[in-house]
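See structure below.
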Amino acid sequence: MATILLVEDEVNVSSFIKKGLEEENYTVEAAYDGATGLNLALNKEFNLIILDIILPNLNGIEVCTIIRDKIGFNIPIIMLTALGSTDEIVKGLEAGADDYLIKPFHFKELLARVNANLRRQLISDDVKSLKFSDVIMDIESKTVTRAGKEINLTSKEYRLLYYFLMNPKKVLSRYDILDNVWDINFDMGTNLVDVYVNYLRNKIEKDFPTKLIHTVIGMGYILKEE
Ligand code: CA
């Protein structure tokens, strides 16, 4: 069964989450400050991390950034954030979190998100590589090449490209992209998607003769040739 790292400084919240997850047969290791959580994340194997944002010494955003930098983004991270803090959510997602939950939350919702994130990881573990035109994404080594040239992507750019490669020749709306790449299912009123599509285009198209990601005016984006 999956092992989960829980980084949460409020003892009551931590023990409530730990107890609930253990009842679902998950193994949970708790850390009560950012530095301890980071140290565990870097030195032990976990299947998923639940990370509070406001923590002693290192905050959740810093911990998440370092984890993504040092061990990549194979491991799903769910952030816990205070009510109504859209800025925090965006910062967390940009630091490489896969999902977030706003406090206070129902345990049922946390459990659903834990299960969904673990399931998604299992699905992606089955596929070894994705290919479209001359772009190849190697899922195991997390590398992307175009025409044999290695392209360095950030974790979000990688997730975005992954979503395009899983849905070639289909118009993807900004809403679909936000929902699938950022797990945001409401209109945040930001141009996050457009910004990241442009980052991605710069990396996979700039030095190559053909475009792959096309804008469909009023609808979204499509991955296609020509
Ligand atoms: Ca806290």
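By convention in this document, the chains of the structure tokens carry letters A, B, ... by their order, each chain's residues are numbered from 1, and ligands are numbered from 1 in the order they are shown.
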
task = May I ask you to write as a list in words all residues lying at most 9 Å from ligand 1, with only C-alpha atoms and all ligand atoms counted?
result =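 Listing the residues within 9 Å of ligand 1 gives Val7, Glu8, Asp9, Glu10, Tyr32, Asp33, Asp52, Ile53, Ile54, Leu55, Pro56, Asn59, Gly60, Leu80, Thr81 and Ala82 of chain A.
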
Residues within 12 Å of Val28 of chain A, only C-alpha atoms, excluding chain neighbours under 2 positions, as a PyMOL selection string = chain A and resi 1-7+14-26+30-31+45-50

Using only N, CA and C atoms, please write the residues we just selected to a file, as a PDB file, in the first residue's frame.
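Once written, part-v6.pdb looks like this:
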ATOM      1  N   MET A   1       0.846  -1.211   0.000  1.00  0.00           N
ATOM      2  CA  MET A   1       0.000   0.000   0.000  1.00  0.00           C
ATOM      3  C   MET A   1       0.876   1.254   0.000  1.00  0.00           C
ATOM      4  N   ALA A   2       0.317   2.349  -0.405  1.00  0.00           N
ATOM      5  CA  ALA A   2       1.107   3.564  -0.578  1.00  0.00           C
ATOM      6  C   ALA A   2       1.549   4.172   0.756  1.00  0.00           C
ATOM      7  N   THR A   3       2.713   4.781   0.718  1.00  0.00           N
ATOM      8  CA  THR A   3       3.234   5.492   1.885  1.00  0.00           C
ATOM      9  C   THR A   3       3.149   6.995   1.631  1.00  0.00           C
ATOM     10  N   ILE A   4       2.591   7.696   2.594  1.00  0.00           N
ATOM     11  CA  ILE A   4       2.346   9.126   2.428  1.00  0.00           C
ATOM     12  C   ILE A   4       3.139   9.919   3.457  1.00  0.00           C
ATOM     13  N   LEU A   5       3.771  10.979   2.996  1.00  0.00           N
ATOM     14  CA  LEU A   5       4.438  11.905   3.912  1.00  0.00           C
ATOM     15  C   LEU A   5       3.490  13.069   4.175  1.00  0.00           C
ATOM     16  N   LEU A   6       3.229  13.321   5.446  1.00  0.00           N
ATOM     17  CA  LEU A   6       2.327  14.396   5.837  1.00  0.00           C
ATOM     18  C   LEU A   6       3.126  15.466   6.576  1.00  0.00           C
ATOM     19  N   VAL A   7       3.201  16.659   5.988  1.00  0.00           N
ATOM     20  CA  VAL A   7       3.945  17.753   6.629  1.00  0.00           C
ATOM     21  C   VAL A   7       2.935  18.799   7.070  1.00  0.00           C
ATOM     22  N   SER A  14      -2.888  17.245  11.969  1.00  0.00           N
ATOM     23  CA  SER A  14      -2.012  16.161  11.539  1.00  0.00           C
ATOM     24  C   SER A  14      -2.531  14.806  12.006  1.00  0.00           C
ATOM     25  N   SER A  15      -2.892  14.717  13.291  1.00  0.00           N
ATOM     26  CA  SER A  15      -3.308  13.397  13.788  1.00  0.00           C
ATOM     27  C   SER A  15      -4.663  12.987  13.209  1.00  0.00           C
ATOM     28  N   PHE A  16      -5.510  13.972  12.923  1.00  0.00           N
ATOM     29  CA  PHE A  16      -6.804  13.688  12.281  1.00  0.00           C
ATOM     30  C   PHE A  16      -6.608  13.115  10.870  1.00  0.00           C
ATOM     31  N   ILE A  17      -5.692  13.720  10.117  1.00  0.00           N
ATOM     32  CA  ILE A  17      -5.427  13.240   8.753  1.00  0.00           C
ATOM     33  C   ILE A  17      -4.749  11.863   8.807  1.00  0.00           C
ATOM     34  N   LYS A  18      -3.757  11.754   9.684  1.00  0.00           N
ATOM     35  CA  LYS A  18      -2.985  10.505   9.785  1.00  0.00           C
ATOM     36  C   LYS A  18      -3.917   9.342  10.131  1.00  0.00           C
ATOM     37  N   LYS A  19      -4.765   9.564  11.132  1.00  0.00           N
ATOM     38  CA  LYS A  19      -5.682   8.511  11.578  1.00  0.00           C
ATOM     39  C   LYS A  19      -6.615   8.093  10.444  1.00  0.00           C
ATOM     40  N   GLY A  20      -7.174   9.096   9.759  1.00  0.00           N
ATOM     41  CA  GLY A  20      -8.101   8.806   8.658  1.00  0.00           C
ATOM     42  C   GLY A  20      -7.448   8.013   7.537  1.00  0.00           C
ATOM     43  N   LEU A  21      -6.231   8.415   7.188  1.00  0.00           N
ATOM     44  CA  LEU A  21      -5.541   7.725   6.087  1.00  0.00           C
ATOM     45  C   LEU A  21      -5.126   6.314   6.496  1.00  0.00           C
ATOM     46  N   GLU A  22      -4.746   6.165   7.762  1.00  0.00           N
ATOM     47  CA  GLU A  22      -4.351   4.829   8.228  1.00  0.00           C
ATOM     48  C   GLU A  22      -5.550   3.886   8.232  1.00  0.00           C
ATOM     49  N   GLU A  23      -6.719   4.427   8.496  1.00  0.00           N
ATOM     50  CA  GLU A  23      -7.935   3.603   8.423  1.00  0.00           C
ATOM     51  C   GLU A  23      -8.200   3.133   6.994  1.00  0.00           C
ATOM     52  N   GLU A  24      -7.678   3.885   6.020  1.00  0.00           N
ATOM     53  CA  GLU A  24      -7.815   3.487   4.607  1.00  0.00           C
ATOM     54  C   GLU A  24      -6.610   2.650   4.164  1.00  0.00           C
ATOM     55  N   ASN A  25      -5.850   2.192   5.151  1.00  0.00           N
ATOM     56  CA  ASN A  25      -4.688   1.321   4.888  1.00  0.00           C
ATOM     57  C   ASN A  25      -3.487   2.006   4.249  1.00  0.00           C
ATOM     58  N   TYR A  26      -3.412   3.326   4.367  1.00  0.00           N
ATOM     59  CA  TYR A  26      -2.197   3.994   3.931  1.00  0.00           C
ATOM     60  C   TYR A  26      -1.221   4.026   5.098  1.00  0.00           C
ATOM     61  N   ALA A  30       4.514  11.410   9.679  1.00  0.00           N
ATOM     62  CA  ALA A  30       4.209  12.817   9.926  1.00  0.00           C
ATOM     63  C   ALA A  30       5.470  13.604  10.252  1.00  0.00           C
ATOM     64  N   ALA A  31       5.555  14.824   9.686  1.00  0.00           N
ATOM     65  CA  ALA A  31       6.599  15.777  10.066  1.00  0.00           C
ATOM     66  C   ALA A  31       5.876  17.055  10.466  1.00  0.00           C
ATOM     67  N   GLU A  45      11.520   6.940   0.567  1.00  0.00           N
ATOM     68  CA  GLU A  45      10.621   6.762  -0.579  1.00  0.00           C
ATOM     69  C   GLU A  45       9.170   6.974  -0.149  1.00  0.00           C
ATOM     70  N   PHE A  46       8.505   7.895  -0.818  1.00  0.00           N
ATOM     71  CA  PHE A  46       7.074   8.080  -0.565  1.00  0.00           C
ATOM     72  C   PHE A  46       6.325   8.025  -1.891  1.00  0.00           C
ATOM     73  N   ASN A  47       5.045   7.697  -1.807  1.00  0.00           N
ATOM     74  CA  ASN A  47       4.214   7.684  -3.013  1.00  0.00           C
ATOM     75  C   ASN A  47       3.493   9.009  -3.217  1.00  0.00           C
ATOM     76  N   LEU A  48       3.354   9.767  -2.126  1.00  0.00           N
ATOM     77  CA  LEU A  48       2.625  11.034  -2.219  1.00  0.00           C
ATOM     78  C   LEU A  48       2.994  11.898  -1.013  1.00  0.00           C
ATOM     79  N   ILE A  49       2.934  13.218  -1.195  1.00  0.00           N
ATOM     80  CA  ILE A  49       3.229  14.134  -0.085  1.00  0.00           C
ATOM     81  C   ILE A  49       2.044  15.078   0.117  1.00  0.00           C
ATOM     82  N   ILE A  50       1.630  15.220   1.356  1.00  0.00           N
ATOM     83  CA  ILE A  50       0.630  16.240   1.705  1.00  0.00           C
ATOM     84  C   ILE A  50       1.398  17.320   2.450  1.00  0.00           C
TER      85      ILE A  50
END

ask   = Which of these residues is nearest to Asn167 of chain A, using only C-alpha atoms: A:Lys224, A:His106, A:Arg68, A:Arg119?
value =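 For Asn167 of chain A, the nearest of the given residues is A:Lys224.
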
request  = Fewer than 5 positions away in the same chain doesn't count, so skip those; otherwise give me all residues within 8 Å of segment 172-187 of chain A, counting only C-alpha atoms, as a PyMOL selection string.
outcome  = chain A and resi 93+98-99+156+159-160+163+193+219-222

Export of the given selection (all heavy atoms) as an mmCIF file, in the first residue's frame:
data_model
loop_
_atom_site.group_PDB
_atom_site.id
_atom_site.type_symbol
_atom_site.label_atom_id
_atom_site.label_comp_id
_atom_site.auth_asym_id
_atom_site.auth_seq_id
_atom_site.Cartn_x
_atom_site.Cartn_y
_atom_site.Cartn_z
ATOM 1 N N LEU A 93 1.035 25.995 -6.888
ATOM 2 C CA LEU A 93 0.977 25.250 -8.149
ATOM 3 C C LEU A 93 2.191 25.569 -8.999
ATOM 4 O O LEU A 93 2.759 24.688 -9.638
ATOM 5 C CB LEU A 93 -0.313 25.575 -8.896
ATOM 6 C CG LEU A 93 -1.597 25.131 -8.184
ATOM 7 C CD1 LEU A 93 -2.824 25.721 -8.870
ATOM 8 C CD2 LEU A 93 -1.708 23.624 -8.116
ATOM 9 N N ASP A 98 0.821 19.420 -7.294
ATOM 10 C CA ASP A 98 -0.085 18.834 -8.278
ATOM 11 C C ASP A 98 -1.530 19.179 -7.973
ATOM 12 O O ASP A 98 -2.395 19.139 -8.844
ATOM 13 C CB ASP A 98 0.045 17.308 -8.251
ATOM 14 C CG ASP A 98 1.425 16.887 -8.681
ATOM 15 O OD1 ASP A 98 1.674 16.906 -9.884
ATOM 16 O OD2 ASP A 98 2.255 16.582 -7.813
ATOM 17 N N ASP A 99 -1.796 19.448 -6.729
ATOM 18 C CA ASP A 99 -3.177 19.617 -6.310
ATOM 19 C C ASP A 99 -3.168 20.418 -5.013
ATOM 20 O O ASP A 99 -2.124 20.583 -4.385
ATOM 21 C CB ASP A 99 -3.776 18.228 -6.057
ATOM 22 C CG ASP A 99 -5.288 18.219 -6.186
ATOM 23 O OD1 ASP A 99 -5.889 19.315 -6.321
ATOM 24 O OD2 ASP A 99 -5.864 17.129 -6.135
ATOM 25 N N LYS A 156 5.813 22.063 -14.709
ATOM 26 C CA LYS A 156 4.498 22.424 -15.261
ATOM 27 C C LYS A 156 4.497 22.353 -16.781
ATOM 28 O O LYS A 156 3.518 21.932 -17.390
ATOM 29 C CB LYS A 156 4.078 23.830 -14.814
ATOM 30 C CG LYS A 156 3.355 23.843 -13.505
ATOM 31 C CD LYS A 156 2.100 22.972 -13.499
ATOM 32 C CE LYS A 156 1.872 22.484 -12.098
ATOM 33 N NZ LYS A 156 0.977 21.384 -11.908
ATOM 34 N N ARG A 159 4.125 18.761 -17.597
ATOM 35 C CA ARG A 159 2.735 18.294 -17.407
ATOM 36 C C ARG A 159 1.835 18.791 -18.535
ATOM 37 O O ARG A 159 0.932 18.089 -19.003
ATOM 38 C CB ARG A 159 2.168 18.801 -16.057
ATOM 39 C CG ARG A 159 2.609 17.987 -14.854
ATOM 40 C CD ARG A 159 1.781 16.713 -14.666
ATOM 41 N NE ARG A 159 0.367 16.952 -14.408
ATOM 42 C CZ ARG A 159 -0.149 17.137 -13.210
ATOM 43 N NH1 ARG A 159 0.606 17.100 -12.143
ATOM 44 N NH2 ARG A 159 -1.441 17.342 -13.059
ATOM 45 N N LEU A 160 2.069 20.017 -18.934
ATOM 46 C CA LEU A 160 1.270 20.601 -20.010
ATOM 47 C C LEU A 160 1.522 19.860 -21.322
ATOM 48 O O LEU A 160 0.582 19.477 -22.025
ATOM 49 C CB LEU A 160 1.632 22.085 -20.146
ATOM 50 C CG LEU A 160 0.913 22.905 -21.208
ATOM 51 C CD1 LEU A 160 -0.598 22.900 -20.976
ATOM 52 C CD2 LEU A 160 1.430 24.354 -21.185
ATOM 53 N N TYR A 163 -0.106 16.518 -21.287
ATOM 54 C CA TYR A 163 -1.546 16.589 -21.564
ATOM 55 C C TYR A 163 -1.811 16.754 -23.068
ATOM 56 O O TYR A 163 -2.705 16.112 -23.622
ATOM 57 C CB TYR A 163 -2.170 17.723 -20.742
ATOM 58 C CG TYR A 163 -3.677 17.811 -20.871
ATOM 59 C CD1 TYR A 163 -4.474 16.707 -20.594
ATOM 60 C CD2 TYR A 163 -4.294 18.988 -21.277
ATOM 61 C CE1 TYR A 163 -5.858 16.768 -20.721
ATOM 62 C CE2 TYR A 163 -5.674 19.057 -21.400
ATOM 63 C CZ TYR A 163 -6.444 17.948 -21.118
ATOM 64 O OH TYR A 163 -7.819 18.019 -21.252
ATOM 65 N N VAL A 193 -2.771 29.669 -18.262
ATOM 66 C CA VAL A 193 -2.650 28.706 -19.356
ATOM 67 C C VAL A 193 -1.904 29.326 -20.537
ATOM 68 O O VAL A 193 -0.959 28.733 -21.068
ATOM 69 C CB VAL A 193 -4.037 28.196 -19.797
ATOM 70 C CG1 VAL A 193 -3.939 27.384 -21.086
ATOM 71 C CG2 VAL A 193 -4.661 27.356 -18.688
ATOM 72 N N MET A 219 -11.464 29.226 -28.654
ATOM 73 C CA MET A 219 -11.695 27.873 -28.139
ATOM 74 C C MET A 219 -10.560 27.336 -27.269
ATOM 75 O O MET A 219 -10.814 26.721 -26.248
ATOM 76 C CB MET A 219 -11.957 26.919 -29.293
ATOM 77 C CG MET A 219 -13.226 27.287 -30.044
ATOM 78 S SD MET A 219 -13.573 26.144 -31.369
ATOM 79 C CE MET A 219 -14.265 24.794 -30.447
ATOM 80 N N GLY A 220 -9.334 27.533 -27.696
ATOM 81 C CA GLY A 220 -8.237 26.984 -26.901
ATOM 82 C C GLY A 220 -7.037 26.659 -27.755
ATOM 83 O O GLY A 220 -6.641 27.458 -28.606
ATOM 84 N N TYR A 221 -6.477 25.467 -27.546
ATOM 85 C CA TYR A 221 -5.253 25.078 -28.241
ATOM 86 C C TYR A 221 -5.377 23.659 -28.786
ATOM 87 O O TYR A 221 -6.121 22.847 -28.250
ATOM 88 C CB TYR A 221 -4.066 25.141 -27.289
ATOM 89 C CG TYR A 221 -3.766 26.534 -26.790
ATOM 90 C CD1 TYR A 221 -4.209 26.948 -25.540
ATOM 91 C CD2 TYR A 221 -3.065 27.440 -27.580
ATOM 92 C CE1 TYR A 221 -3.961 28.233 -25.075
ATOM 93 C CE2 TYR A 221 -2.792 28.730 -27.128
ATOM 94 C CZ TYR A 221 -3.241 29.116 -25.881
ATOM 95 O OH TYR A 221 -2.991 30.383 -25.427
ATOM 96 N N ILE A 222 -4.608 23.390 -29.839
ATOM 97 C CA ILE A 222 -4.589 22.055 -30.401
ATOM 98 C C ILE A 222 -3.162 21.662 -30.768
ATOM 99 O O ILE A 222 -2.392 22.491 -31.270
ATOM 100 C CB ILE A 222 -5.541 21.957 -31.630
ATOM 101 C CG1 ILE A 222 -5.642 20.496 -32.143
ATOM 102 C CG2 ILE A 222 -5.113 22.886 -32.770
ATOM 103 C CD1 ILE A 222 -6.765 20.284 -33.164
#

key: Sel. of strand (DSSP E or B) residues, segment 34-89 of chain A, as a PyMOL selection string   = chain A and resi 48-52+77-81

Next, the residues of the selection above should be written as a PDB file, in the first residue's frame with N, CA, C and O atoms.
ATOM      1  N   LEU A  48       3.354   9.767  -2.126  1.00  0.00           N
ATOM      2  CA  LEU A  48       2.625  11.034  -2.219  1.00  0.00           C
ATOM      3  C   LEU A  48       2.994  11.898  -1.013  1.00  0.00           C
ATOM      4  O   LEU A  48       3.330  11.372   0.044  1.00  0.00           O
ATOM      5  N   ILE A  49       2.934  13.218  -1.195  1.00  0.00           N
ATOM      6  CA  ILE A  49       3.229  14.134  -0.085  1.00  0.00           C
ATOM      7  C   ILE A  49       2.044  15.078   0.117  1.00  0.00           C
ATOM      8  O   ILE A  49       1.524  15.644  -0.854  1.00  0.00           O
ATOM      9  N   ILE A  50       1.630  15.220   1.356  1.00  0.00           N
ATOM     10  CA  ILE A  50       0.630  16.240   1.705  1.00  0.00           C
ATOM     11  C   ILE A  50       1.398  17.320   2.450  1.00  0.00           C
ATOM     12  O   ILE A  50       2.070  17.040   3.449  1.00  0.00           O
ATOM     13  N   LEU A  51       1.328  18.540   1.933  1.00  0.00           N
ATOM     14  CA  LEU A  51       2.217  19.589   2.411  1.00  0.00           C
ATOM     15  C   LEU A  51       1.425  20.843   2.778  1.00  0.00           C
ATOM     16  O   LEU A  51       0.784  21.448   1.924  1.00  0.00           O
ATOM     17  N   ASP A  52       1.484  21.203   4.046  1.00  0.00           N
ATOM     18  CA  ASP A  52       0.861  22.451   4.479  1.00  0.00           C
ATOM     19  C   ASP A  52       1.732  23.606   3.984  1.00  0.00           C
ATOM     20  O   ASP A  52       2.925  23.432   3.745  1.00  0.00           O
ATOM     21  N   ILE A  77       2.293  15.943  -5.096  1.00  0.00           N
ATOM     22  CA  ILE A  77       2.252  16.774  -3.885  1.00  0.00           C
ATOM     23  C   ILE A  77       0.894  17.472  -3.819  1.00  0.00           C
ATOM     24  O   ILE A  77       0.491  18.147  -4.768  1.00  0.00           O
ATOM     25  N   ILE A  78       0.207  17.273  -2.706  1.00  0.00           N
ATOM     26  CA  ILE A  78      -1.057  17.987  -2.469  1.00  0.00           C
ATOM     27  C   ILE A  78      -0.776  19.047  -1.416  1.00  0.00           C
ATOM     28  O   ILE A  78      -0.274  18.738  -0.337  1.00  0.00           O
ATOM     29  N   MET A  79      -1.107  20.296  -1.723  1.00  0.00           N
ATOM     30  CA  MET A  79      -0.864  21.361  -0.753  1.00  0.00           C
ATOM     31  C   MET A  79      -2.120  21.678   0.035  1.00  0.00           C
ATOM     32  O   MET A  79      -3.225  21.629  -0.496  1.00  0.00           O
ATOM     33  N   LEU A  80      -1.908  22.041   1.280  1.00  0.00           N
ATOM     34  CA  LEU A  80      -3.015  22.484   2.121  1.00  0.00           C
ATOM     35  C   LEU A  80      -2.858  23.986   2.290  1.00  0.00           C
ATOM     36  O   LEU A  80      -1.774  24.470   2.597  1.00  0.00           O
ATOM     37  N   THR A  81      -3.931  24.708   2.044  1.00  0.00           N
ATOM     38  CA  THR A  81      -3.796  26.161   2.088  1.00  0.00           C
ATOM     39  C   THR A  81      -4.972  26.791   2.823  1.00  0.00           C
ATOM     40  O   THR A  81      -6.019  26.176   2.954  1.00  0.00           O
TER      41      THR A  81
END

message = as a ChimeraX atom specification, please: every residue in chain A that DSSP puts in alpha helix (DSSP H).
response = /A:11-23,34-43,60-71,86-94,107-126,155-166,174-177,192-204

query = Between A:Leu38, A:Ala147, A:Ala97, A:Leu223, which has the minimum distance to Asn74 of chain A (counting only C-alpha atoms)?
reply = A:Ala97

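Every protein or nucleic acid residue with an atom no more than 12 Å from Ser129 of chain A, counting only C-alpha atoms and leaving out same-chain residues fewer than 2 positions away, appears here: A:Ser124, A:Asp125, A:Asp126, A:Val127, A:Lys131, A:Phe132, A:Val135, A:Ile136, A:Met137, A:Asp138, A:Ile139, A:Glu140, A:Ser141, A:Lys142, A:Thr143, A:Val144, A:Thr145, A:Tyr162, A:Leu165, A:Met166.
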
task = For Pro209 of chain A, list every protein, DNA or RNA residue within 12 Å, evaluated using only C-alpha atoms, and leave out those in the same chain fewer than 3 positions away; present the list as an NGL selection string.
result = :A and (134 or 146-147 or 204-206 or 212 or 225-226)

message = I'd like the interatomic distance between atom CA of Lys128 of chain A and atom CA of Asn39 of chain A, to a tenth of an Å.
response = 29.6 Å
